[in-house]
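Note: the block below is protein.cif and it holds mmCIF, C-alpha atoms and all ligand atoms.
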data_entry
loop_
_atom_site.label_atom_id
_atom_site.label_comp_id
_atom_site.auth_asym_id
_atom_site.auth_seq_id
_atom_site.Cartn_x
_atom_site.Cartn_y
_atom_site.Cartn_z
CA MET B 1 175.06 73.28 66.05
CA SER B 2 176.52 70.19 67.77
CA LYS B 3 178.74 67.57 66.19
CA LEU B 4 177.03 64.24 65.64
CA VAL B 5 178.63 60.78 65.67
CA ILE B 6 176.68 58.01 63.95
CA VAL B 7 177.62 54.35 64.29
CA GLY B 8 175.77 51.60 62.45
CA THR B 9 175.88 49.27 59.50
CA VAL B 10 176.69 50.32 55.97
CA ALA B 11 175.37 47.41 53.99
CA PHE B 12 174.11 45.60 50.96
CA ASP B 13 170.39 44.81 51.18
CA ALA B 14 168.24 42.58 49.00
CA ILE B 15 164.56 43.35 49.48
CA GLU B 16 161.31 41.76 48.44
CA THR B 17 158.00 43.56 48.85
CA PRO B 18 154.58 42.87 47.30
CA PHE B 19 155.61 45.46 44.66
CA GLY B 20 158.91 44.06 43.54
CA LYS B 21 162.29 42.67 44.34
CA THR B 22 165.82 44.06 44.32
CA ASP B 23 169.26 42.53 43.99
CA LYS B 24 171.95 43.84 46.32
CA ILE B 25 171.39 47.56 46.78
CA LEU B 26 172.76 50.15 49.17
CA GLY B 27 171.42 49.83 52.70
CA GLY B 28 172.48 49.77 56.31
CA ALA B 29 171.33 51.58 59.41
CA ALA B 30 174.12 54.19 59.36
CA THR B 31 173.48 54.92 55.69
CA PHE B 32 169.82 55.76 56.31
CA ILE B 33 170.63 57.67 59.51
CA GLY B 34 173.35 59.69 57.75
CA LEU B 35 171.15 60.55 54.78
CA ALA B 36 168.34 61.71 57.06
CA ALA B 37 170.64 63.72 59.35
CA SER B 38 172.23 65.40 56.32
CA GLN B 39 168.93 67.24 55.79
CA PHE B 40 169.97 69.46 58.71
CA ASN B 41 173.49 70.21 57.41
CA VAL B 42 174.94 69.02 60.69
CA ASP B 43 178.61 68.22 61.18
CA ALA B 44 178.23 64.43 61.27
CA SER B 45 180.64 61.51 61.06
CA VAL B 46 179.69 57.91 60.23
CA VAL B 47 181.65 55.14 61.97
CA SER B 48 181.25 51.80 60.21
CA ILE B 49 182.95 49.08 58.20
CA VAL B 50 182.62 47.74 54.64
CA GLY B 51 184.43 45.19 52.47
CA GLY B 52 186.48 45.65 49.31
CA ASP B 53 183.31 44.76 47.36
CA PHE B 54 181.59 48.02 48.39
CA PRO B 55 181.34 50.56 45.55
CA LYS B 56 183.03 53.91 46.14
CA GLU B 57 179.97 55.70 44.65
CA TYR B 58 177.91 54.50 47.61
CA LEU B 59 180.28 56.10 50.09
CA ASP B 60 180.34 59.22 47.92
CA LEU B 61 176.59 59.55 48.52
CA LEU B 62 177.42 60.29 52.15
CA SER B 63 180.53 62.43 51.63
CA ASP B 64 178.75 64.46 48.91
CA ARG B 65 176.31 65.44 51.65
CA ASN B 66 179.15 66.66 53.88
CA ILE B 67 179.13 63.59 56.07
CA ASP B 68 182.58 62.66 57.29
CA ILE B 69 183.40 59.06 56.34
CA SER B 70 186.95 58.90 57.71
CA GLY B 71 185.58 56.52 60.37
CA VAL B 72 184.36 54.00 57.76
CA GLU B 73 186.95 51.22 57.67
CA ILE B 74 187.41 49.46 54.34
CA VAL B 75 188.62 45.86 54.61
CA LYS B 76 189.92 45.20 51.10
CA GLU B 77 189.85 41.42 51.31
CA GLY B 78 186.55 41.33 53.24
CA LYS B 79 182.87 41.23 52.28
CA THR B 80 180.33 43.88 53.24
CA PHE B 81 177.52 43.14 55.73
CA TYR B 82 174.54 41.72 53.84
CA TRP B 83 170.91 41.64 54.87
CA SER B 84 167.91 40.33 53.01
CA GLY B 85 164.27 40.68 53.97
CA LYS B 86 160.80 39.96 52.65
CA TYR B 87 157.77 42.05 53.57
CA HIS B 88 154.32 40.61 54.17
CA ASN B 89 151.30 42.04 52.37
CA ASP B 90 150.56 44.50 55.18
CA MET B 91 154.09 45.98 54.74
CA ASN B 92 154.30 46.40 58.51
CA THR B 93 155.88 43.03 59.16
CA ARG B 94 158.78 41.31 57.49
CA ASP B 95 160.87 38.17 57.63
CA THR B 96 164.62 38.35 57.64
CA LEU B 97 165.82 35.92 54.98
CA ALA B 98 169.56 36.36 55.53
CA THR B 99 171.94 38.23 57.82
CA GLU B 100 175.58 37.80 56.83
CA LEU B 101 177.77 39.73 59.24
CA ASN B 102 180.96 39.33 57.12
CA VAL B 103 183.34 42.21 58.03
CA LEU B 104 180.99 43.26 60.82
CA ALA B 105 181.92 40.11 62.76
CA ASP B 106 185.34 41.58 63.67
CA PHE B 107 184.52 45.25 63.73
CA ASN B 108 186.43 47.46 66.17
CA PRO B 109 184.98 50.92 65.62
CA VAL B 110 187.33 53.91 65.70
CA VAL B 111 185.78 57.32 66.32
CA PRO B 112 187.77 59.96 64.37
CA GLU B 113 189.81 62.21 66.68
CA ASP B 114 187.88 65.33 65.65
CA TYR B 115 184.57 63.78 66.67
CA LYS B 116 185.55 62.44 70.09
CA ASN B 117 184.10 65.60 71.63
CA ALA B 118 180.76 65.34 69.76
CA LYS B 119 177.80 66.36 71.89
CA VAL B 120 175.33 64.03 70.20
CA VAL B 121 175.92 60.33 69.57
CA MET B 122 173.53 58.17 67.54
CA LEU B 123 174.13 54.49 68.23
CA GLY B 124 172.54 52.84 65.20
CA ASN B 125 171.58 49.23 65.01
CA LEU B 126 174.53 46.84 65.40
CA HIS B 127 176.22 44.70 68.04
CA PRO B 128 175.78 46.33 71.48
CA ASN B 129 179.49 45.82 72.25
CA VAL B 130 180.33 47.98 69.23
CA GLN B 131 177.84 50.60 70.41
CA MET B 132 179.46 50.52 73.87
CA SER B 133 182.96 50.83 72.41
CA VAL B 134 181.94 54.04 70.61
CA LEU B 135 180.64 55.51 73.86
CA GLU B 136 183.86 54.57 75.66
CA GLN B 137 185.93 56.45 73.07
CA MET B 138 184.18 59.77 73.66
CA LYS B 139 186.47 62.22 75.50
CA GLU B 140 183.66 63.95 77.34
CA LYS B 141 180.27 62.59 78.25
CA PRO B 142 178.01 63.47 75.27
CA GLU B 143 174.97 65.62 76.06
CA LEU B 144 172.68 63.24 74.24
CA VAL B 145 173.08 59.56 73.39
CA ILE B 146 170.36 57.91 71.29
CA LEU B 147 170.22 54.17 70.77
CA ASP B 148 168.44 52.14 68.13
CA THR B 149 168.43 48.35 68.11
CA MET B 150 166.44 45.36 66.90
CA ASN B 151 165.22 41.91 67.91
CA PHE B 152 168.29 40.25 66.31
CA TRP B 153 170.51 41.66 69.10
CA MET B 154 167.92 40.85 71.78
CA ASP B 155 168.08 37.24 70.61
CA CYS B 156 171.86 36.92 70.53
CA ALA B 157 173.36 39.56 72.88
CA LEU B 158 170.70 40.54 75.42
CA GLU B 159 172.98 41.17 78.42
CA GLU B 160 175.38 43.32 76.36
CA LEU B 161 172.37 45.20 74.98
CA LYS B 162 171.01 45.88 78.48
CA ALA B 163 174.42 47.25 79.51
CA VAL B 164 174.39 49.79 76.69
CA ILE B 165 170.69 50.65 77.17
CA ASN B 166 171.67 51.63 80.71
CA LYS B 167 174.03 54.30 79.35
CA VAL B 168 171.75 56.12 76.90
CA ASP B 169 169.33 59.04 77.16
CA VAL B 170 166.94 58.01 74.38
CA ILE B 171 166.04 54.60 72.98
CA THR B 172 164.12 54.19 69.73
CA ILE B 173 162.64 50.76 69.11
CA ASN B 174 159.56 49.39 67.41
CA ASP B 175 156.50 48.11 69.23
CA GLU B 176 157.31 44.43 68.75
CA GLU B 177 160.83 44.93 70.06
CA ALA B 178 159.60 46.92 73.08
CA ARG B 179 157.33 43.99 73.89
CA GLN B 180 160.14 41.47 73.43
CA LEU B 181 162.53 43.50 75.58
CA THR B 182 160.12 43.88 78.48
CA GLY B 183 157.72 40.96 78.19
CA GLU B 184 154.85 43.47 78.41
CA TYR B 185 152.04 43.79 75.87
CA SER B 186 150.97 47.31 76.88
CA LEU B 187 153.36 49.83 75.36
CA VAL B 188 152.74 52.20 78.28
CA VAL B 189 153.87 49.55 80.75
CA ALA B 190 156.72 48.54 78.43
CA ALA B 191 157.94 52.16 78.23
CA ARG B 192 157.83 52.43 82.02
CA LYS B 193 159.96 49.30 82.32
CA ILE B 194 162.43 50.61 79.74
CA HIS B 195 162.73 53.92 81.66
CA LYS B 196 163.85 51.84 84.63
CA MET B 197 166.56 50.23 82.45
CA GLY B 198 168.15 53.67 81.91
CA PRO B 199 166.79 55.88 79.11
CA LYS B 200 164.90 59.03 80.19
CA TYR B 201 163.19 59.16 76.81
CA VAL B 202 161.61 56.14 75.15
CA VAL B 203 160.46 56.35 71.53
CA ILE B 204 158.31 53.47 70.34
CA LYS B 205 157.88 53.30 66.57
CA LYS B 206 154.66 51.79 65.28
CA GLY B 207 155.31 51.72 61.54
CA GLU B 208 152.38 53.13 59.59
CA HIS B 209 150.68 53.89 62.92
CA GLY B 210 153.19 56.56 63.95
CA ALA B 211 155.45 56.91 66.97
CA LEU B 212 155.09 57.46 70.71
CA LEU B 213 157.49 59.49 72.85
CA PHE B 214 157.48 58.75 76.58
CA TYR B 215 159.15 61.04 79.14
CA LYS B 216 158.41 60.70 82.85
CA ASP B 217 154.60 60.71 82.98
CA ASN B 218 154.21 62.46 79.62
CA VAL B 219 153.32 60.81 76.36
CA PHE B 220 153.43 62.43 72.94
CA PHE B 221 152.05 60.78 69.81
CA ALA B 222 152.94 61.57 66.22
CA PRO B 223 150.93 59.77 63.54
CA ALA B 224 152.60 58.59 60.37
CA LEU B 225 151.48 60.54 57.33
CA PRO B 226 148.90 58.50 55.40
CA LEU B 227 150.68 57.84 52.10
CA GLU B 228 149.34 56.86 48.71
CA GLU B 229 152.31 54.71 47.95
CA VAL B 230 154.39 52.61 50.30
CA PHE B 231 156.95 50.79 48.25
CA ASP B 232 159.59 49.59 50.69
CA PRO B 233 159.64 50.25 54.45
CA THR B 234 163.32 49.27 54.78
CA GLY B 235 165.27 51.93 56.63
CA ALA B 236 162.20 53.83 57.83
CA GLY B 237 163.19 53.27 61.47
CA ASP B 238 166.76 54.40 60.84
CA THR B 239 165.58 57.39 58.84
CA PHE B 240 163.31 58.32 61.73
CA ALA B 241 166.28 58.06 64.12
CA GLY B 242 168.51 60.08 61.79
CA GLY B 243 165.93 62.84 61.49
CA PHE B 244 165.40 62.84 65.25
CA ALA B 245 169.15 62.98 66.02
CA GLY B 246 169.94 65.46 63.24
CA TYR B 247 167.25 67.88 64.37
CA LEU B 248 168.42 67.77 67.99
CA ALA B 249 172.08 68.17 66.99
CA LYS B 250 171.14 71.19 64.93
CA THR B 251 168.89 72.90 67.49
CA GLU B 252 170.87 71.95 70.64
CA ASP B 253 167.69 72.09 72.68
CA LEU B 254 167.10 68.89 74.63
CA SER B 255 163.80 69.84 76.25
CA PHE B 256 160.75 67.57 75.99
CA GLU B 257 159.04 70.23 73.83
CA ASN B 258 161.87 70.14 71.34
CA MET B 259 162.02 66.33 71.41
CA LYS B 260 158.40 66.40 70.19
CA LYS B 261 159.50 68.42 67.17
CA ALA B 262 162.35 65.98 66.61
CA VAL B 263 159.78 63.15 66.51
CA ILE B 264 157.79 65.08 63.89
CA TYR B 265 160.91 65.61 61.76
CA GLY B 266 161.82 61.94 62.13
CA SER B 267 158.34 60.84 61.06
CA THR B 268 158.31 63.26 58.14
CA LEU B 269 161.63 62.04 56.78
CA ALA B 270 160.62 58.39 57.28
CA SER B 271 157.49 59.07 55.22
CA PHE B 272 159.73 59.81 52.22
CA CYS B 273 162.02 56.84 52.78
CA VAL B 274 159.25 54.27 52.22
CA GLU B 275 158.17 55.70 48.87
CA LYS B 276 160.94 54.04 46.87
CA PHE B 277 163.25 51.06 47.20
CA GLY B 278 166.25 51.37 49.51
CA THR B 279 167.85 54.81 49.76
CA GLU B 280 166.55 56.04 46.40
CA ARG B 281 164.00 58.49 47.73
CA MET B 282 166.30 59.91 50.40
CA THR B 283 169.15 60.66 48.03
CA GLY B 284 166.92 62.77 45.81
CA LEU B 285 165.13 64.64 48.58
CA ASP B 286 165.25 68.44 48.82
CA THR B 287 164.37 70.86 51.61
CA ARG B 288 161.32 72.27 49.83
CA GLU B 289 159.69 68.85 49.70
CA VAL B 290 160.43 68.32 53.39
CA HIS B 291 158.87 71.64 54.33
CA HIS B 292 155.81 70.95 52.21
CA ARG B 293 155.31 67.64 53.97
CA LEU B 294 155.82 69.19 57.40
CA GLN B 295 152.96 71.53 56.51
CA GLN B 296 150.81 68.51 55.55
CA PHE B 297 151.72 66.98 58.89
CA LYS B 298 150.56 70.11 60.69
CA ASN B 299 147.28 70.17 58.77
CA LEU B 300 146.73 66.51 59.55
CA THR B 301 147.08 66.87 63.28
CA GLN B 302 145.85 70.38 64.17
CA PHE B 303 142.34 71.08 65.27
CA ASP B 304 140.45 73.57 67.40
CA ILE B 305 138.02 72.29 69.91
CA GLU B 306 135.98 74.27 72.39
CA LEU B 307 135.66 72.60 75.74
CA ALA B 308 132.51 74.05 77.26
P1 LIG B 401 165.00 49.26 59.48
O1 LIG B 401 164.10 48.96 58.33
O2 LIG B 401 164.96 50.69 59.91
O3 LIG B 401 164.83 48.29 60.60
O4 LIG B 401 166.50 49.07 58.97
C1 LIG B 401 166.85 48.28 57.90
C2 LIG B 401 168.36 48.33 57.72
O5 LIG B 401 169.00 47.69 58.84
C3 LIG B 401 168.80 47.58 56.48
O6 LIG B 401 169.33 48.49 55.56
C4 LIG B 401 169.83 46.55 56.96
O7 LIG B 401 171.02 46.60 56.22
C5 LIG B 401 170.08 46.91 58.40
N1 LIG B 401 170.11 45.71 59.26
C6 LIG B 401 169.34 44.60 59.16
N2 LIG B 401 169.66 43.71 60.13
C7 LIG B 401 170.63 44.27 60.87
C8 LIG B 401 171.37 43.86 62.01
N3 LIG B 401 171.18 42.67 62.60
N4 LIG B 401 172.29 44.72 62.51
C9 LIG B 401 172.49 45.91 61.95
N5 LIG B 401 171.85 46.37 60.86
C10 LIG B 401 170.92 45.56 60.32
#

Here is the file; what I need is its structure written in the form of structure tokens.
Amino acid sequence: MSKLVIVGTVAFDAIETPFGKTDKILGGAATFIGLAASQFNVDASVVSIVGGDFPKEYLDLLSDRNIDISGVEIVKEGKTFYWSGKYHNDMNTRDTLATELNVLADFNPVVPEDYKNAKVVMLGNLHPNVQMSVLEQMKEKPELVILDTMNFWMDCALEELKAVINKVDVITINDEEARQLTGEYSLVVAARKIHKMGPKYVVIKKGEHGALLFYKDNVFFAPALPLEEVFDPTGAGDTFAGGFAGYLAKTEDLSFENMKKAVIYGSTLASFCVEKFGTERMTGLDTREVHHRLQQFKNLTQFDIELA
């Protein structure tokens, strides 16, 4: 098993979907990534920042799952990063209503000493300079660096983002963001362009339509499990990334074949995340449920066909 470093936001989110509305609840990319990765019992550390307004119980949710939180800085007099979003009726698209960086505006991440030799690094969604700083602190070159990002950073820090994209092995972004990053409508052409920017592996998430993994001339597709209830898609992308990174850290096999399995694990965990508001579903999830759903996934996608 490899050590895993996760950097990303730990946040307050306020969410509105066609099914309801929340006040400030626990959110943040690193929170969702950490919860998903914890399914694999990996030795993971979250590097982030919160304000004095952040409840200790929220951090306990991570440490109770054996995630090291010594790299989460608490700025007593500061306010925690806050994000608010409203989903459209199709639940695949959303508007950001507010992004308040607060303590994130002056965040200098510090990777805990014990994790500076981690073999897997998951750069969750936040300012590309922060992502780069984490990479620069690693003592040895990690075997696998995965990057997740979003349109917000393409709009306000594109050059810095391109610099960090150039240093990673895998990028996970959604279809809209892949199009924005490359100016290409076709996701195949977009993936090819992103390969040229650095990452050997390109994962394009398509919400309820699954995810594509591109590697050289190979493409692998994992559908999303058709669900009866989608309550709140917030964090699905991060949960996918956390499942993907956690599985690879656990198995230490970085072949394309194993990456396919990592995509399946990521999709399976994301399918739980959307069933309740915020982190609620992920904090109550047990291994039996995950295995049951993996079996459903297999049944959904396996078929025998005779090619005469
Ligand atoms: P996802 O639905 O996977 O795109 O991730 C949603 C999570 O990302 C929420 O919990 C937010 O707190 C967090 N988030 C939203 N905007 C940003 C941003 N600009 N930078 C970092 N994290 C963000």

Protein and nucleic residues near ligand LIG 401 (chain B), 10 Å, all atoms listed in the file, as a PDB file with C-alpha atoms, in the coordinates of the input:
ATOM      1  CA  GLY B   8     175.770  51.600  62.450  1.00  0.00           C
ATOM      2  CA  THR B   9     175.880  49.270  59.500  1.00  0.00           C
ATOM      3  CA  VAL B  10     176.690  50.320  55.970  1.00  0.00           C
ATOM      4  CA  ALA B  11     175.370  47.410  53.990  1.00  0.00           C
ATOM      5  CA  PHE B  12     174.110  45.600  50.960  1.00  0.00           C
ATOM      6  CA  ASP B  13     170.390  44.810  51.180  1.00  0.00           C
ATOM      7  CA  ALA B  14     168.240  42.580  49.000  1.00  0.00           C
ATOM      8  CA  ILE B  15     164.560  43.350  49.480  1.00  0.00           C
ATOM      9  CA  ILE B  25     171.390  47.560  46.780  1.00  0.00           C
ATOM     10  CA  LEU B  26     172.760  50.150  49.170  1.00  0.00           C
ATOM     11  CA  GLY B  27     171.420  49.830  52.700  1.00  0.00           C
ATOM     12  CA  GLY B  28     172.480  49.770  56.310  1.00  0.00           C
ATOM     13  CA  ALA B  29     171.330  51.580  59.410  1.00  0.00           C
ATOM     14  CA  ALA B  30     174.120  54.190  59.360  1.00  0.00           C
ATOM     15  CA  THR B  31     173.480  54.920  55.690  1.00  0.00           C
ATOM     16  CA  PHE B  32     169.820  55.760  56.310  1.00  0.00           C
ATOM     17  CA  ILE B  33     170.630  57.670  59.510  1.00  0.00           C
ATOM     18  CA  PHE B  81     177.520  43.140  55.730  1.00  0.00           C
ATOM     19  CA  TYR B  82     174.540  41.720  53.840  1.00  0.00           C
ATOM     20  CA  TRP B  83     170.910  41.640  54.870  1.00  0.00           C
ATOM     21  CA  SER B  84     167.910  40.330  53.010  1.00  0.00           C
ATOM     22  CA  GLY B  85     164.270  40.680  53.970  1.00  0.00           C
ATOM     23  CA  ARG B  94     158.780  41.310  57.490  1.00  0.00           C
ATOM     24  CA  THR B  96     164.620  38.350  57.640  1.00  0.00           C
ATOM     25  CA  ALA B  98     169.560  36.360  55.530  1.00  0.00           C
ATOM     26  CA  THR B  99     171.940  38.230  57.820  1.00  0.00           C
ATOM     27  CA  GLU B 100     175.580  37.800  56.830  1.00  0.00           C
ATOM     28  CA  LEU B 101     177.770  39.730  59.240  1.00  0.00           C
ATOM     29  CA  LEU B 104     180.990  43.260  60.820  1.00  0.00           C
ATOM     30  CA  GLY B 124     172.540  52.840  65.200  1.00  0.00           C
ATOM     31  CA  ASN B 125     171.580  49.230  65.010  1.00  0.00           C
ATOM     32  CA  LEU B 126     174.530  46.840  65.400  1.00  0.00           C
ATOM     33  CA  HIS B 127     176.220  44.700  68.040  1.00  0.00           C
ATOM     34  CA  PRO B 128     175.780  46.330  71.480  1.00  0.00           C
ATOM     35  CA  ASP B 148     168.440  52.140  68.130  1.00  0.00           C
ATOM     36  CA  THR B 149     168.430  48.350  68.110  1.00  0.00           C
ATOM     37  CA  MET B 150     166.440  45.360  66.900  1.00  0.00           C
ATOM     38  CA  ASN B 151     165.220  41.910  67.910  1.00  0.00           C
ATOM     39  CA  PHE B 152     168.290  40.250  66.310  1.00  0.00           C
ATOM     40  CA  TRP B 153     170.510  41.660  69.100  1.00  0.00           C
ATOM     41  CA  MET B 154     167.920  40.850  71.780  1.00  0.00           C
ATOM     42  CA  CYS B 156     171.860  36.920  70.530  1.00  0.00           C
ATOM     43  CA  ILE B 173     162.640  50.760  69.110  1.00  0.00           C
ATOM     44  CA  ASN B 174     159.560  49.390  67.410  1.00  0.00           C
ATOM     45  CA  GLY B 207     155.310  51.720  61.540  1.00  0.00           C
ATOM     46  CA  ASP B 232     159.590  49.590  50.690  1.00  0.00           C
ATOM     47  CA  PRO B 233     159.640  50.250  54.450  1.00  0.00           C
ATOM     48  CA  THR B 234     163.320  49.270  54.780  1.00  0.00           C
ATOM     49  CA  GLY B 235     165.270  51.930  56.630  1.00  0.00           C
ATOM     50  CA  ALA B 236     162.200  53.830  57.830  1.00  0.00           C
ATOM     51  CA  GLY B 237     163.190  53.270  61.470  1.00  0.00           C
ATOM     52  CA  ASP B 238     166.760  54.400  60.840  1.00  0.00           C
ATOM     53  CA  THR B 239     165.580  57.390  58.840  1.00  0.00           C
ATOM     54  CA  PHE B 240     163.310  58.320  61.730  1.00  0.00           C
ATOM     55  CA  ALA B 241     166.280  58.060  64.120  1.00  0.00           C
ATOM     56  CA  ALA B 270     160.620  58.390  57.280  1.00  0.00           C
ATOM     57  CA  CYS B 273     162.020  56.840  52.780  1.00  0.00           C
ATOM     58  CA  VAL B 274     159.250  54.270  52.220  1.00  0.00           C
ATOM     59  CA  GLY B 278     166.250  51.370  49.510  1.00  0.00           C
ATOM     60  CA  THR B 279     167.850  54.810  49.760  1.00  0.00           C
TER      61      THR B 279
END

### Message
Give me the residues near segment 44-50 of chain B as a PyMOL selection string, where near means some atom within 9 Å (using all atoms listed in the file) and where sequence neighbours in that chain fewer than 5 positions away do not count.
### Response
chain B and resi 2-11+30-31+34+37-38+62+66-76+78-81+102-104+107-112+115+118+134+246

### Message
as a PyMOL selection string, please: the residues near Leu147 of chain B (cut-off 7 Å, all atoms listed in the file, same-chain neighbours under 2 positions excluded).
### Response
chain B and resi 122-124+145+149+168+170-172

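Using all atoms listed in the file, the nearest neighbour of Leu181 of chain B within the list B:Met197, B:Thr287, B:Phe214, B:Ala308 is B:Met197.
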
### Query
Skipping near chain neighbours, those fewer than 2 positions away, what residues fall within 10 Å of Met259 of chain B using all atoms listed in the file, listed as a list in words?
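Selected residues are Tyr201, Leu213, Tyr215, Phe220, Phe244, Ala245, Tyr247, Leu248, Asp253, Leu254, Ser255, Phe256, Glu257, Lys261, Ala262, Val263, Ile264 and Tyr265 of chain B.
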
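Among the candidates B:Ala178, B:Ala36, B:Ile146, B:Leu300, the one nearest to Lys205 of chain B when counting only C-alpha atoms is B:Ala178.
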
### Interatomic distance, atom CA of Glu160 of chain B to atom CA of Pro199 of chain B (Å, one decimal)
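Taking atom CA of Glu160 of chain B and atom CA of Pro199 of chain B, their separation equals 15.5 Å.
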
### Task
State, in Å with one decimal place, the distance from atom CA of Ile204 of chain B to atom CA of Asp175 of chain B.
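We find that atom CA of Ile204 of chain B and atom CA of Asp175 of chain B lie 5.8 Å from each other.
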
### Task
Give the answer as one residue: which of B:Val203, B:Leu158, B:Val230, B:Leu307 has the shortest atom-to-atom distance to Lys276 of chain B, using all atoms listed in the file?
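Among the listed residues, B:Val230 lies closest to Lys276 of chain B.
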
### Query
Could you state the separation of atom CA of His195 of chain B and atom CA of Lys216 of chain B in Å, given to one decimal place?
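Atom-to-atom, atom CA of His195 of chain B and atom CA of Lys216 of chain B are spaced 8.1 Å apart.
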
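Using only C-alpha atoms for every distance, the candidate list B:Lys139, B:Lys260, B:His88, B:Arg281 yields B:Lys260 as the residue closest to Ala211 of chain B.
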
### Task
Within 10 Å of Val188 of chain B, counting only C-alpha atoms, which residues show up once you throw out same-chain ones fewer than 2 positions away? Write them as a PyMOL selection string, please.
chain B and resi 184-186+190-194+204+212+214+217+219

### Query
Which of these, B:Ser267, B:Thr17, B:Gln39, B:Gln137, has the shortest distance to Arg288 of chain B once you count only C-alpha atoms?
B:Gln39

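Counting only C-alpha atoms, the residue from B:Thr182, B:Asn299, B:Ser271, B:Gln131 that sits nearest to Leu285 of chain B is B:Ser271.
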
### Task
Go ahead and find all residues with at least one atom no further than 9 Å from (155.1, 65.2, 57.4) in the file's coordinates, using only C-alpha atoms; report them as a ChimeraX atom specification.
/B:224-225,264-272,290-298,300
